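Heads up, the thing below is written out as structure tokens.
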Number of protein chains: 2
Amino acid sequence: MIAWSAFSVTDAKADDAKPDAMPTAASQCLSCHGTNGNPALKDVPILLGQQPLYLENAIRAYQEGRRTGGQALVMHEIVKDLSDVDIKAIATWFGGTQ
Amino acid sequence: MIAWSAFSVTDAKADDAKPDAMPTAASQCLSCHGTNGNPALKDVPILLGQQPLYLENAIRAYQEGRRTGGQALVMHEIVKDLSDVDIKAIATWFGGTQ
């Protein structure tokens with residue numbers, strides 16, 4: 001039973017689980033979005049607790065130039081070289097369930 | 001002092017305060033974003049507690065065609081006729097502090 005329980009915990013973490021440590025790629029987000037995804041700037045969205053799939057899609061939209069105006073030029077520069085793995089890691093770091 | 005305190009409370013509500021009742025314009029948001037701004041759909045952003053100024057800017061970006069792809073076509077239709085007053089009311093309803 002102990003082994004089964006341990007497996008269940010591991011399995012539950014496989015989906016939207018927050019990583020144990022901040023992914024390196026997320027470090028560049030902190031100056032605007034706050035150290036925990038809760039920004040001081042009023043026009044910057046809170047990432048903390050946001051749905052990971054939405055965050056993934058939003059990052060890809062910035063990468064692909066589907067969001068323009070406002071801070072989109074900044075975002076485009078920040079996210080342009082992120083890999084799919086980076087994007088998913090960032091999304092689950094800020095939005096994943098603990 | 002009592003009168004001064006009451007004024008202070010009123011004054012504090014004038015900025016990002018959540019309205020006492022849901023603005024009519026917000027009713028069309030609920031089917032996707034959830035009755036309280038916390039959606040069941042995984043690719044739809046949580047609005048509950050998001051920063052009002054960010055929400056305002058995001059609605060205007062959809063109105064002005066500065067967000068495309070994904071659900072942007074839906075959003076464009078939903079928000080195209082909103083007034084500035086509607087936009088601010090929606091933003092503070094979902095994101096305003098109580």
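Chain identifiers are assigned as A, B, and so on, following the order in which chains appear in the structure tokens; residues are numbered from 1 within each chain, and ligands are numbered from 1 in order of appearance.
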Over all C-alpha pairs taken in sequence order, what does chain B look like after a least-squares fit onto chain A? Please give it as an mmCIF file with C-alpha atoms, in the first residue's frame.
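Output (superposed_25.cif):
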data_model
loop_
_atom_site.group_PDB
_atom_site.id
_atom_site.type_symbol
_atom_site.label_atom_id
_atom_site.label_comp_id
_atom_site.auth_asym_id
_atom_site.auth_seq_id
_atom_site.Cartn_x
_atom_site.Cartn_y
_atom_site.Cartn_z
ATOM 1 C CA MET B 1 -0.430 -0.352 -0.572
ATOM 2 C CA ILE B 2 2.387 1.979 0.400
ATOM 3 C CA ALA B 3 4.061 1.498 -2.963
ATOM 4 C CA TRP B 4 0.766 2.116 -4.755
ATOM 5 C CA SER B 5 0.180 5.335 -2.816
ATOM 6 C CA ALA B 6 3.636 6.614 -3.661
ATOM 7 C CA PHE B 7 3.032 5.912 -7.326
ATOM 8 C CA SER B 8 -0.250 7.784 -7.209
ATOM 9 C CA VAL B 9 1.453 10.887 -5.816
ATOM 10 C CA THR B 10 4.118 10.759 -8.531
ATOM 11 C CA ASP B 11 1.466 10.269 -11.171
ATOM 12 C CA ALA B 12 -0.539 13.237 -9.911
ATOM 13 C CA LYS B 13 2.530 15.473 -10.215
ATOM 14 C CA ALA B 14 3.066 14.575 -13.859
ATOM 15 C CA ASP B 15 0.312 16.792 -15.242
ATOM 16 C CA ASP B 16 0.044 20.395 -14.060
ATOM 17 C CA ALA B 17 2.277 19.999 -11.030
ATOM 18 C CA LYS B 18 4.499 22.898 -10.037
ATOM 19 C CA PRO B 19 8.182 21.916 -10.380
ATOM 20 C CA ASP B 20 10.152 21.678 -7.144
ATOM 21 C CA ALA B 21 12.606 24.379 -8.277
ATOM 22 C CA MET B 22 12.122 27.409 -10.499
ATOM 23 C CA PRO B 23 13.125 26.561 -14.075
ATOM 24 C CA THR B 24 16.014 28.676 -15.376
ATOM 25 C CA ALA B 25 13.863 29.988 -18.208
ATOM 26 C CA ALA B 26 11.461 31.571 -15.697
ATOM 27 C CA SER B 27 14.114 33.857 -14.230
ATOM 28 C CA GLN B 28 13.677 36.403 -17.022
ATOM 29 C CA CYS B 29 9.964 36.763 -16.169
ATOM 30 C CA LEU B 30 10.520 37.988 -12.636
ATOM 31 C CA SER B 31 11.533 41.608 -13.217
ATOM 32 C CA CYS B 32 8.077 42.453 -14.581
ATOM 33 C CA HIS B 33 5.837 39.674 -13.257
ATOM 34 C CA GLY B 34 7.280 39.643 -9.720
ATOM 35 C CA THR B 35 9.448 37.103 -7.978
ATOM 36 C CA ASN B 36 6.488 34.810 -7.375
ATOM 37 C CA GLY B 37 4.400 35.797 -10.406
ATOM 38 C CA ASN B 38 2.544 38.519 -8.507
ATOM 39 C CA PRO B 39 3.679 41.787 -10.100
ATOM 40 C CA ALA B 40 3.989 45.249 -8.594
ATOM 41 C CA LEU B 41 3.242 46.837 -11.994
ATOM 42 C CA LYS B 42 -0.499 47.403 -12.429
ATOM 43 C CA ASP B 43 -0.621 46.674 -16.161
ATOM 44 C CA VAL B 44 1.235 43.369 -15.930
ATOM 45 C CA PRO B 45 -0.804 40.203 -15.414
ATOM 46 C CA ILE B 46 -0.582 38.068 -12.314
ATOM 47 C CA LEU B 47 0.839 34.688 -13.367
ATOM 48 C CA LEU B 48 0.657 33.074 -9.939
ATOM 49 C CA GLY B 49 -2.124 30.502 -9.984
ATOM 50 C CA GLN B 50 -3.147 31.134 -13.597
ATOM 51 C CA GLN B 51 -4.074 28.042 -15.593
ATOM 52 C CA PRO B 52 -0.909 26.461 -17.074
ATOM 53 C CA LEU B 53 -2.487 25.638 -20.423
ATOM 54 C CA TYR B 54 -3.614 29.249 -20.813
ATOM 55 C CA LEU B 55 -0.104 30.468 -19.923
ATOM 56 C CA GLU B 56 1.425 28.085 -22.483
ATOM 57 C CA ASN B 57 -0.932 29.310 -25.188
ATOM 58 C CA ALA B 58 -0.289 32.946 -24.287
ATOM 59 C CA ILE B 59 3.506 32.517 -24.488
ATOM 60 C CA ARG B 60 3.137 30.831 -27.875
ATOM 61 C CA ALA B 61 0.846 33.645 -29.059
ATOM 62 C CA TYR B 62 3.589 36.155 -28.212
ATOM 63 C CA GLN B 63 6.231 33.979 -29.915
ATOM 64 C CA GLU B 64 4.161 33.785 -33.076
ATOM 65 C CA GLY B 65 3.276 37.486 -33.184
ATOM 66 C CA ARG B 66 -0.410 36.866 -32.499
ATOM 67 C CA ARG B 67 -0.405 39.460 -29.710
ATOM 68 C CA THR B 68 0.658 42.994 -30.603
ATOM 69 C CA GLY B 69 0.602 46.422 -28.989
ATOM 70 C CA GLY B 70 1.124 47.256 -25.336
ATOM 71 C CA GLN B 71 3.877 45.141 -23.813
ATOM 72 C CA ALA B 72 3.749 42.614 -26.671
ATOM 73 C CA LEU B 73 7.040 43.842 -28.183
ATOM 74 C CA VAL B 74 8.759 43.218 -24.856
ATOM 75 C CA MET B 75 7.138 39.814 -24.535
ATOM 76 C CA HIS B 76 8.092 38.860 -28.079
ATOM 77 C CA GLU B 77 11.763 39.507 -27.321
ATOM 78 C CA ILE B 78 11.626 37.701 -23.994
ATOM 79 C CA VAL B 79 9.974 34.526 -25.276
ATOM 80 C CA LYS B 80 11.284 34.269 -28.838
ATOM 81 C CA ASP B 81 13.924 31.611 -28.089
ATOM 82 C CA LEU B 82 11.996 29.520 -25.566
ATOM 83 C CA SER B 83 11.658 25.823 -26.379
ATOM 84 C CA ASP B 84 8.463 23.853 -25.854
ATOM 85 C CA VAL B 85 10.057 22.379 -22.733
ATOM 86 C CA ASP B 86 10.877 25.871 -21.416
ATOM 87 C CA ILE B 87 7.334 27.084 -22.094
ATOM 88 C CA LYS B 88 5.738 24.175 -20.270
ATOM 89 C CA ALA B 89 8.158 24.580 -17.360
ATOM 90 C CA ILE B 90 7.386 28.294 -17.035
ATOM 91 C CA ALA B 91 3.640 27.681 -17.268
ATOM 92 C CA THR B 92 3.628 25.029 -14.572
ATOM 93 C CA TRP B 93 6.047 26.969 -12.356
ATOM 94 C CA PHE B 94 3.759 29.984 -12.152
ATOM 95 C CA GLY B 95 0.408 28.303 -12.620
ATOM 96 C CA GLY B 96 0.845 24.693 -11.577
ATOM 97 C CA THR B 97 -0.855 23.202 -8.603
ATOM 98 C CA GLN B 98 1.268 22.346 -5.602
#
Using DSSP secondary structure from the backbone, list all alpha helix (DSSP H) positions within chain B, as a VMD selection string.
chain B and resid 2 to 13 30 to 33 52 to 63 72 to 79 84 to 95
Next, write the just-selected residues to a file, as a JSON list (two decimals), in the first residue's frame, keeping C-alpha atoms as the atom set.
[["chain", "number", "residue", "atom", "x", "y", "z"],
["B", 2, "ILE", "CA", -16.79, 59.24, 12.09],
["B", 3, "ALA", "CA", -17.62, 61.32, 9.04],
["B", 4, "TRP", "CA", -13.96, 61.38, 8.02],
["B", 5, "SER", "CA", -13.69, 57.60, 8.33],
["B", 6, "ALA", "CA", -16.77, 57.09, 6.19],
["B", 7, "PHE", "CA", -15.33, 59.36, 3.53],
["B", 8, "SER", "CA", -12.08, 57.43, 3.55],
["B", 9, "VAL", "CA", -13.90, 54.15, 2.89],
["B", 10, "THR", "CA", -15.83, 55.70, 0.00],
["B", 11, "ASP", "CA", -12.64, 57.17, -1.39],
["B", 12, "ALA", "CA", -10.85, 53.82, -1.21],
["B", 13, "LYS", "CA", -13.63, 52.19, -3.24],
["B", 30, "LEU", "CA", -19.59, 33.92, -17.63],
["B", 31, "SER", "CA", -20.24, 31.05, -20.04],
["B", 32, "CYS", "CA", -16.51, 30.69, -20.77],
["B", 33, "HIS", "CA", -14.81, 32.39, -17.82],
["B", 52, "PRO", "CA", -8.05, 45.39, -13.35],
["B", 53, "LEU", "CA", -5.75, 47.56, -15.45],
["B", 54, "TYR", "CA", -4.37, 44.46, -17.18],
["B", 55, "LEU", "CA", -7.92, 43.21, -17.83],
["B", 56, "GLU", "CA", -8.91, 46.60, -19.28],
["B", 57, "ASN", "CA", -5.90, 46.60, -21.59],
["B", 58, "ALA", "CA", -6.55, 43.01, -22.65],
["B", 59, "ILE", "CA", -10.20, 43.74, -23.54],
["B", 60, "ARG", "CA", -9.11, 46.77, -25.56],
["B", 61, "ALA", "CA", -6.45, 44.67, -27.32],
["B", 62, "TYR", "CA", -9.18, 42.24, -28.42],
["B", 63, "GLN", "CA", -11.44, 45.13, -29.50],
["B", 72, "ALA", "CA", -9.37, 35.83, -30.13],
["B", 73, "LEU", "CA", -12.12, 35.66, -32.77],
["B", 74, "VAL", "CA", -14.63, 34.79, -30.06],
["B", 75, "MET", "CA", -13.32, 37.55, -27.82],
["B", 76, "HIS", "CA", -13.43, 40.09, -30.64],
["B", 77, "GLU", "CA", -17.14, 39.42, -31.17],
["B", 78, "ILE", "CA", -17.91, 39.47, -27.46],
["B", 79, "VAL", "CA", -16.16, 42.76, -26.69],
["B", 84, "ASP", "CA", -15.13, 52.37, -21.89],
["B", 85, "VAL", "CA", -17.51, 52.35, -18.92],
["B", 86, "ASP", "CA", -18.44, 48.71, -19.61],
["B", 87, "ILE", "CA", -14.78, 47.71, -19.90],
["B", 88, "LYS", "CA", -13.83, 49.33, -16.62],
["B", 89, "ALA", "CA", -16.86, 47.80, -14.90],
["B", 90, "ILE", "CA", -15.99, 44.31, -16.15],
["B", 91, "ALA", "CA", -12.34, 44.71, -15.17],
["B", 92, "THR", "CA", -13.13, 45.81, -11.64],
["B", 93, "TRP", "CA", -15.91, 43.24, -11.23],
["B", 94, "PHE", "CA", -13.58, 40.32, -11.90],
["B", 95, "GLY", "CA", -10.31, 41.80, -10.71]]
